[in-house]
file run.tsv (TSV, C-alpha atoms)
chain	number	residue	atom	x	y	z
A	1	MET	CA	-59.70	-58.01	-71.03
A	2	ARG	CA	-57.35	-58.49	-73.97
A	3	PHE	CA	-57.50	-54.80	-74.79
A	4	LEU	CA	-55.99	-53.84	-71.40
A	5	PRO	CA	-52.27	-54.23	-72.28
A	6	LYS	CA	-52.70	-52.30	-75.50
A	7	TYR	CA	-54.74	-49.65	-73.65
A	8	GLY	CA	-52.14	-49.43	-70.87
A	9	ILE	CA	-49.27	-48.99	-73.32
A	10	SER	CA	-51.20	-46.41	-75.33
A	11	LEU	CA	-52.02	-44.51	-72.17
A	12	ALA	CA	-48.38	-44.52	-71.13
A	13	LEU	CA	-47.33	-43.21	-74.54
A	14	PHE	CA	-50.02	-40.53	-74.41
A	15	ILE	CA	-48.84	-39.36	-70.98
A	16	ALA	CA	-45.20	-39.30	-72.13
A	17	VAL	CA	-46.05	-37.22	-75.21
A	18	LEU	CA	-48.24	-34.90	-73.12
A	19	MET	CA	-45.44	-34.34	-70.57
A	20	THR	CA	-43.03	-33.59	-73.41
A	21	PHE	CA	-45.28	-30.86	-74.78
A	22	ILE	CA	-45.89	-29.42	-71.31
A	23	SER	CA	-42.19	-29.25	-70.50
A	24	CYS	CA	-41.26	-27.58	-73.78
A	25	GLY	CA	-40.80	-23.82	-73.54
A	26	SER	CA	-42.36	-21.43	-75.97
A	27	ARG	CA	-40.35	-19.16	-78.26
A	28	LYS	CA	-41.24	-16.25	-75.98
A	29	GLN	CA	-39.54	-18.02	-73.09
A	30	MET	CA	-36.41	-18.98	-75.00
A	31	VAL	CA	-35.31	-16.18	-77.33
A	32	TYR	CA	-32.97	-13.50	-75.98
A	33	LEU	CA	-33.62	-9.77	-76.32
A	34	GLN	CA	-36.85	-10.03	-78.29
A	35	GLN	CA	-37.62	-7.02	-80.43
A	36	ASP	CA	-39.92	-4.41	-78.92
A	37	SER	CA	-40.21	-0.63	-78.70
A	38	THR	CA	-37.36	-0.27	-76.20
A	39	GLN	CA	-34.79	2.38	-77.07
A	40	ILE	CA	-31.30	1.17	-76.30
A	41	ASN	CA	-29.22	3.86	-74.61
A	42	THR	CA	-26.71	1.87	-72.59
A	43	LEU	CA	-23.41	3.68	-72.05
A	44	TYR	CA	-20.58	1.69	-70.53
A	45	GLU	CA	-19.15	4.87	-69.02
A	46	GLN	CA	-22.21	5.08	-66.73
A	47	TYR	CA	-21.48	1.71	-65.17
A	48	VAL	CA	-17.68	1.38	-65.16
A	49	PRO	CA	-16.66	-0.85	-62.22
A	50	LYS	CA	-15.09	1.01	-59.31
A	51	ILE	CA	-12.07	-0.16	-57.34
A	52	GLN	CA	-13.17	-1.80	-54.09
A	53	ILE	CA	-11.60	-2.88	-50.82
A	54	ASN	CA	-9.66	-6.17	-51.17
A	55	ASP	CA	-9.19	-5.70	-54.91
A	56	ILE	CA	-5.77	-6.74	-56.19
A	57	LEU	CA	-4.24	-4.31	-58.65
A	58	THR	CA	-1.23	-4.69	-60.90
A	59	VAL	CA	0.59	-1.37	-61.18
A	60	VAL	CA	3.60	-0.73	-63.44
A	61	VAL	CA	5.25	2.68	-63.78
A	62	THR	CA	6.91	3.59	-67.09
A	63	ALA	CA	8.99	6.48	-68.39
A	64	ALA	CA	11.30	7.41	-71.25
A	65	ASP	CA	14.26	6.45	-69.06
A	66	PRO	CA	13.53	3.01	-67.54
A	67	LYS	CA	16.16	3.57	-64.83
A	68	VAL	CA	14.11	6.25	-63.09
A	69	THR	CA	11.16	3.87	-62.70
A	70	ALA	CA	13.17	1.20	-60.83
A	71	PRO	CA	12.24	2.50	-57.34
A	72	PHE	CA	8.53	2.31	-58.25
A	73	ASN	CA	8.64	-1.19	-59.75
A	74	PRO	CA	10.05	-3.49	-57.04
A	75	VAL	CA	10.55	-6.48	-59.34
A	76	SER	CA	11.65	-4.60	-62.45
A	77	SER	CA	15.24	-5.68	-61.91
A	78	MET	CA	14.13	-9.32	-62.27
A	79	MET	CA	12.69	-8.77	-65.73
A	80	SER	CA	14.51	-9.25	-68.99
A	81	ASN	CA	13.70	-9.35	-72.65
A	82	ASN	CA	13.98	-13.13	-72.54
A	83	LEU	CA	11.00	-13.60	-70.23
A	84	SER	CA	7.76	-14.90	-71.65
A	85	GLN	CA	4.67	-12.73	-71.40
A	86	SER	CA	3.10	-14.98	-68.73
A	87	VAL	CA	6.23	-14.84	-66.56
A	88	ASP	CA	6.49	-11.10	-67.11
A	89	MET	CA	2.90	-10.64	-65.90
A	90	ALA	CA	3.57	-12.82	-62.85
A	91	LEU	CA	6.52	-10.63	-61.86
A	92	ARG	CA	4.69	-7.33	-62.11
A	93	PRO	CA	4.03	-5.58	-58.78
A	94	THR	CA	0.60	-6.19	-57.28
A	95	TYR	CA	-1.08	-4.24	-54.51
A	96	THR	CA	-4.11	-5.15	-52.40
A	97	VAL	CA	-6.56	-2.37	-51.56
A	98	ASP	CA	-6.68	-2.26	-47.74
A	99	GLY	CA	-9.64	-1.71	-45.45
A	100	GLN	CA	-9.31	2.06	-45.80
A	101	GLY	CA	-9.36	1.85	-49.59
A	102	ASP	CA	-5.63	2.56	-49.99
A	103	ILE	CA	-2.74	0.89	-51.74
A	104	THR	CA	0.82	1.45	-50.54
A	105	LEU	CA	3.28	2.20	-53.34
A	106	PRO	CA	7.05	2.60	-53.13
A	107	MET	CA	8.07	6.25	-52.65
A	108	LEU	CA	4.47	7.47	-52.82
A	109	GLY	CA	3.24	5.66	-49.72
A	110	LYS	CA	-0.52	5.29	-49.23
A	111	VAL	CA	-2.72	6.30	-52.17
A	112	HIS	CA	-6.49	6.22	-51.84
A	113	VAL	CA	-8.03	4.46	-54.85
A	114	ALA	CA	-11.27	2.88	-53.60
A	115	GLY	CA	-14.29	4.33	-55.35
A	116	LEU	CA	-12.29	5.34	-58.41
A	117	THR	CA	-12.45	3.73	-61.82
A	118	ARG	CA	-9.26	2.21	-63.19
A	119	VAL	CA	-8.78	5.19	-65.52
A	120	GLN	CA	-9.31	7.67	-62.69
A	121	ALA	CA	-6.83	5.84	-60.47
A	122	ILE	CA	-4.24	5.84	-63.27
A	123	GLU	CA	-4.60	9.60	-63.70
A	124	LYS	CA	-4.26	10.14	-59.94
A	125	LEU	CA	-1.04	8.11	-59.83
A	126	ARG	CA	0.36	9.99	-62.83
A	127	VAL	CA	-0.16	13.27	-61.02
A	128	ASP	CA	1.47	11.95	-57.84
A	129	LEU	CA	4.41	10.47	-59.77
A	130	SER	CA	5.06	13.65	-61.75
A	131	GLN	CA	6.95	15.09	-58.78
A	132	TYR	CA	9.53	12.32	-59.21
A	133	ILE	CA	9.36	11.42	-62.93
A	134	LYS	CA	8.93	13.56	-66.00
A	135	ASP	CA	5.88	12.49	-68.04
A	136	PRO	CA	5.31	9.22	-66.15
A	137	GLY	CA	3.15	6.46	-67.53
A	138	VAL	CA	1.06	4.08	-65.42
A	139	ASN	CA	-0.25	0.68	-66.43
A	140	MET	CA	-2.90	-0.57	-63.98
A	141	ASN	CA	-5.10	-3.63	-64.25
A	142	PHE	CA	-7.39	-5.64	-62.00
A	143	ASN	CA	-5.71	-8.85	-60.96
A	144	ASN	CA	-8.85	-10.38	-59.45
A	145	PHE	CA	-11.68	-9.45	-61.80
A	146	ARG	CA	-13.52	-12.71	-61.27
A	147	ILE	CA	-17.06	-13.61	-62.37
A	148	SER	CA	-18.91	-16.73	-61.20
A	149	VAL	CA	-21.73	-18.32	-63.21
A	150	LEU	CA	-23.87	-20.97	-61.52
A	151	GLY	CA	-27.03	-22.94	-62.14
A	152	GLU	CA	-28.50	-24.03	-65.47
A	153	VAL	CA	-25.56	-23.28	-67.76
A	154	ALA	CA	-23.43	-25.67	-69.80
A	155	ARG	CA	-20.17	-25.03	-67.92
A	156	PRO	CA	-20.71	-23.43	-64.48
A	157	GLY	CA	-17.64	-22.03	-62.78
A	158	SER	CA	-15.55	-18.96	-62.01
A	159	PHE	CA	-13.77	-16.98	-64.72
A	160	ILE	CA	-10.95	-14.45	-64.51
A	161	MET	CA	-11.69	-11.64	-66.96
A	162	PRO	CA	-8.86	-10.02	-68.97
A	163	THR	CA	-10.71	-6.69	-68.86
A	164	GLU	CA	-13.26	-5.04	-66.60
A	165	ARG	CA	-15.56	-4.33	-69.53
A	166	VAL	CA	-17.72	-7.44	-69.56
A	167	THR	CA	-21.48	-7.93	-69.93
A	168	VAL	CA	-23.81	-10.51	-68.45
A	169	LEU	CA	-24.26	-12.04	-71.92
A	170	GLU	CA	-20.49	-12.38	-72.38
A	171	ALA	CA	-20.16	-14.05	-68.99
A	172	LEU	CA	-22.94	-16.51	-69.85
A	173	GLY	CA	-21.20	-17.16	-73.16
A	174	MET	CA	-18.01	-18.10	-71.31
A	175	ALA	CA	-20.11	-20.56	-69.29
A	176	GLY	CA	-21.41	-22.16	-72.48
A	177	ASP	CA	-24.79	-20.37	-72.46
A	178	LEU	CA	-27.96	-21.36	-70.61
A	179	THR	CA	-29.24	-24.88	-70.96
A	180	ILE	CA	-32.72	-25.49	-72.37
A	181	ARG	CA	-33.87	-25.84	-68.74
A	182	GLY	CA	-32.66	-22.41	-67.59
A	183	VAL	CA	-35.19	-19.66	-66.82
A	184	ARG	CA	-34.21	-16.74	-69.02
A	185	GLU	CA	-36.72	-14.30	-67.52
A	186	ARG	CA	-35.30	-14.39	-63.97
A	187	VAL	CA	-31.51	-14.54	-64.13
A	188	MET	CA	-30.18	-13.47	-60.74
A	189	LEU	CA	-27.16	-11.20	-60.32
A	190	ILE	CA	-25.54	-11.09	-56.87
A	191	ARG	CA	-23.25	-8.11	-56.31
A	192	GLU	CA	-21.27	-6.98	-53.28
A	193	VAL	CA	-20.64	-3.27	-52.74
A	194	ASP	CA	-18.93	-1.98	-49.59
A	195	GLY	CA	-19.45	-5.34	-47.90
A	196	GLN	CA	-23.18	-5.43	-48.64
A	197	LYS	CA	-24.61	-8.07	-50.97
A	198	THR	CA	-27.51	-7.14	-53.21
A	199	MET	CA	-29.58	-9.28	-55.59
A	200	HIS	CA	-31.03	-8.17	-58.91
A	201	ARG	CA	-33.14	-9.93	-61.53
A	202	LEU	CA	-32.51	-9.69	-65.26
A	203	ASP	CA	-34.97	-10.74	-67.95
A	204	LEU	CA	-32.82	-11.85	-70.88
A	205	THR	CA	-35.85	-12.10	-73.15
A	206	LYS	CA	-36.39	-8.32	-72.96
A	207	GLN	CA	-34.35	-5.73	-74.84
A	208	ASN	CA	-34.70	-3.43	-71.84
A	209	THR	CA	-32.05	-5.57	-70.13
A	210	LEU	CA	-29.49	-3.76	-72.27
A	211	ASN	CA	-30.38	-0.57	-70.38
A	212	SER	CA	-30.04	-2.16	-66.95
A	213	PRO	CA	-27.33	-0.82	-64.60
A	214	TYR	CA	-26.45	-4.50	-64.07
A	215	TYR	CA	-25.95	-5.38	-67.73
A	216	TYR	CA	-22.25	-4.56	-67.30
A	217	LEU	CA	-20.64	-6.64	-64.58
A	218	ALA	CA	-18.41	-5.71	-61.68
A	219	GLN	CA	-15.65	-7.73	-60.04
A	220	ASN	CA	-16.82	-10.73	-57.99
A	221	ASP	CA	-20.35	-10.67	-59.44
A	222	VAL	CA	-22.21	-13.98	-59.25
A	223	ILE	CA	-24.74	-14.93	-61.92
A	224	TYR	CA	-27.27	-17.63	-61.03
A	225	VAL	CA	-29.63	-19.22	-63.57
A	226	GLU	CA	-32.51	-21.01	-61.89
A	227	PRO	CA	-34.05	-24.19	-63.35
A	228	ASN	CA	-37.50	-24.21	-64.91
A	229	LYS	CA	-40.45	-26.08	-63.41
A	230	ALA	CA	-39.89	-29.16	-65.54
A	231	GLN	CA	-36.33	-29.50	-64.28
A	232	ILE	CA	-37.43	-29.01	-60.68
A	233	ASN	CA	-40.10	-31.69	-61.08
A	234	ASN	CA	-37.56	-34.05	-62.62
A	235	SER	CA	-35.16	-33.46	-59.75
A	236	LYS	CA	-37.88	-34.47	-57.26
A	237	LEU	CA	-37.84	-37.94	-58.75
A	238	GLY	CA	-34.07	-38.12	-58.43
A	239	ALA	CA	-32.72	-41.61	-57.95
A	240	ASN	CA	-36.26	-43.01	-57.79
A	241	THR	CA	-36.79	-42.48	-61.51
A	242	ASN	CA	-35.24	-45.81	-62.50
A	243	ILE	CA	-37.21	-47.60	-59.78
A	244	ILE	CA	-40.50	-46.08	-60.99
A	245	ILE	CA	-39.72	-47.03	-64.59
A	246	SER	CA	-38.85	-50.58	-63.53
A	247	ILE	CA	-42.05	-50.96	-61.51
A	248	ALA	CA	-44.15	-49.59	-64.37
A	249	SER	CA	-42.49	-51.99	-66.81
A	250	LEU	CA	-43.07	-54.88	-64.42
A	251	LEU	CA	-46.77	-53.99	-64.01
A	252	ILE	CA	-47.28	-53.78	-67.77
A	253	THR	CA	-45.58	-57.18	-68.16
A	254	VAL	CA	-47.70	-58.76	-65.42
A	255	ILE	CA	-50.94	-57.34	-66.87
A	256	SER	CA	-49.94	-58.60	-70.31
A	257	VAL	CA	-49.33	-62.13	-69.00
A	258	LEU	CA	-52.54	-62.25	-66.97
A	259	THR	CA	-54.75	-61.09	-69.81
A	260	ARG	CA	-53.50	-63.42	-72.49
call {"tool": "encode", "arguments": {"input": "run.tsv", "output": "structure tokens"}}
result
Amino acid sequence: MRFLPKYGISLALFIAVLMTFISCGSRKQMVYLQQDSTQINTLYEQYVPKIQINDILTVVVTAADPKVTAPFNPVSSMMSNNLSQSVDMALRPTYTVDGQGDITLPMLGKVHVAGLTRVQAIEKLRVDLSQYIKDPGVNMNFNNFRISVLGEVARPGSFIMPTERVTVLEALGMAGDLTIRGVRERVMLIREVDGQKTMHRLDLTKQNTLNSPYYYLAQNDVIYVEPNKAQINNSKLGANTNIIISIASLLITVISVLTR
């Protein structure tokens, strides 16, 4: 019976090593955008985000003579050269796209912008403003271009993007990249369009993902990275893990004492 403790310990070590190898992912499961015969033809212009209801837009009108733009920039009189950039941005006029897809601007009244890209909306405002201002300029930006990244990433959370041109890889980079436990072949993208939520899967190990219409993100997209099987199995143990380890240690100790 003296061989039992040694056998029990060896068996435990064997099982631990075996579980380690089982839980390890292969290169094929881990490497992004693995080389294949896919021809990359992604064009950002095909997937430019469109303005949607409830979007918040910052709109600033400019002209050669700043005085003529005062009626179109409600807070322009509050600005000065001494203001910091962050304060200046906070004071710029913002407009929420209403349920009909319109924003209401001084002098111009309601302007329909839903369904347009930012560049298209800027051009539309320039045309409308030209009846009041010679060669008007328009600076428009999304004020709520938010992306949320959840699941098996290093730093899950919501991020305000400085520009609407952002890819799923850039968003994951802002979240610190996937953890070793994240499933790269089934990254879920949740997108809301006209009040309807849709879900799409992206395989980050395939180059074809670069051609996906969901490679470029839209405002309020949610990216979810699901855990692999090893992580799910570990989570089943939960708080019982320490108890199981303690019981196993106690059993090995008892067997060792009894077989001396």
call {"tool": "atom_distance", "arguments": {"input": "run.tsv", "atom1": "atom CA of A:Ser249", "atom2": "atom CA of A:Asn228"}}
result
28.3 Å
call {"tool": "closest_residue", "arguments": {"input": "run.tsv", "among": "A:Val168, A:Ile56, A:Ala175, A:Leu125", "to": "A:Arg155", "atoms": "all atoms listed in the file"}}
result
A:Ala175
call {"tool": "atom_distance", "arguments": {"input": "run.tsv", "atom1": "atom CA of A:Phe142", "atom2": "atom CA of A:Leu57"}}
result
4.8 Å
call {"tool": "residues_around", "arguments": {"input": "run.tsv", "residues": "A:Gln100", "least_positions_apart": "3", "cutoff": "9 Å", "atoms": "only C-alpha atoms", "output": "list in words"}}
result
Ile53, Val97, Ile103, His112 and Ala114 of chain A
call {"tool": "atom_distance", "arguments": {"input": "run.tsv", "atom1": "atom CA of A:Glu152", "atom2": "atom CA of A:Ile223"}}
result
10.5 Å
call {"tool": "closest_residue", "arguments": {"input": "run.tsv", "among": "A:Met107, A:Asp177, A:Leu169, A:Val119", "to": "A:Asn139", "atoms": "all atoms listed in the file"}}
result
A:Val119
call {"tool": "residues_around", "arguments": {"input": "run.tsv", "residues": "stretch 207-220 of chain A", "least_positions_apart": "3", "cutoff": "10 Å", "atoms": "all atoms listed in the file", "output": "VMD selection string"}}
result
chain A and resid 32 to 44 46 to 52 55 142 144 to 148 158 to 161 164 to 171 189 to 193 200 to 204 223
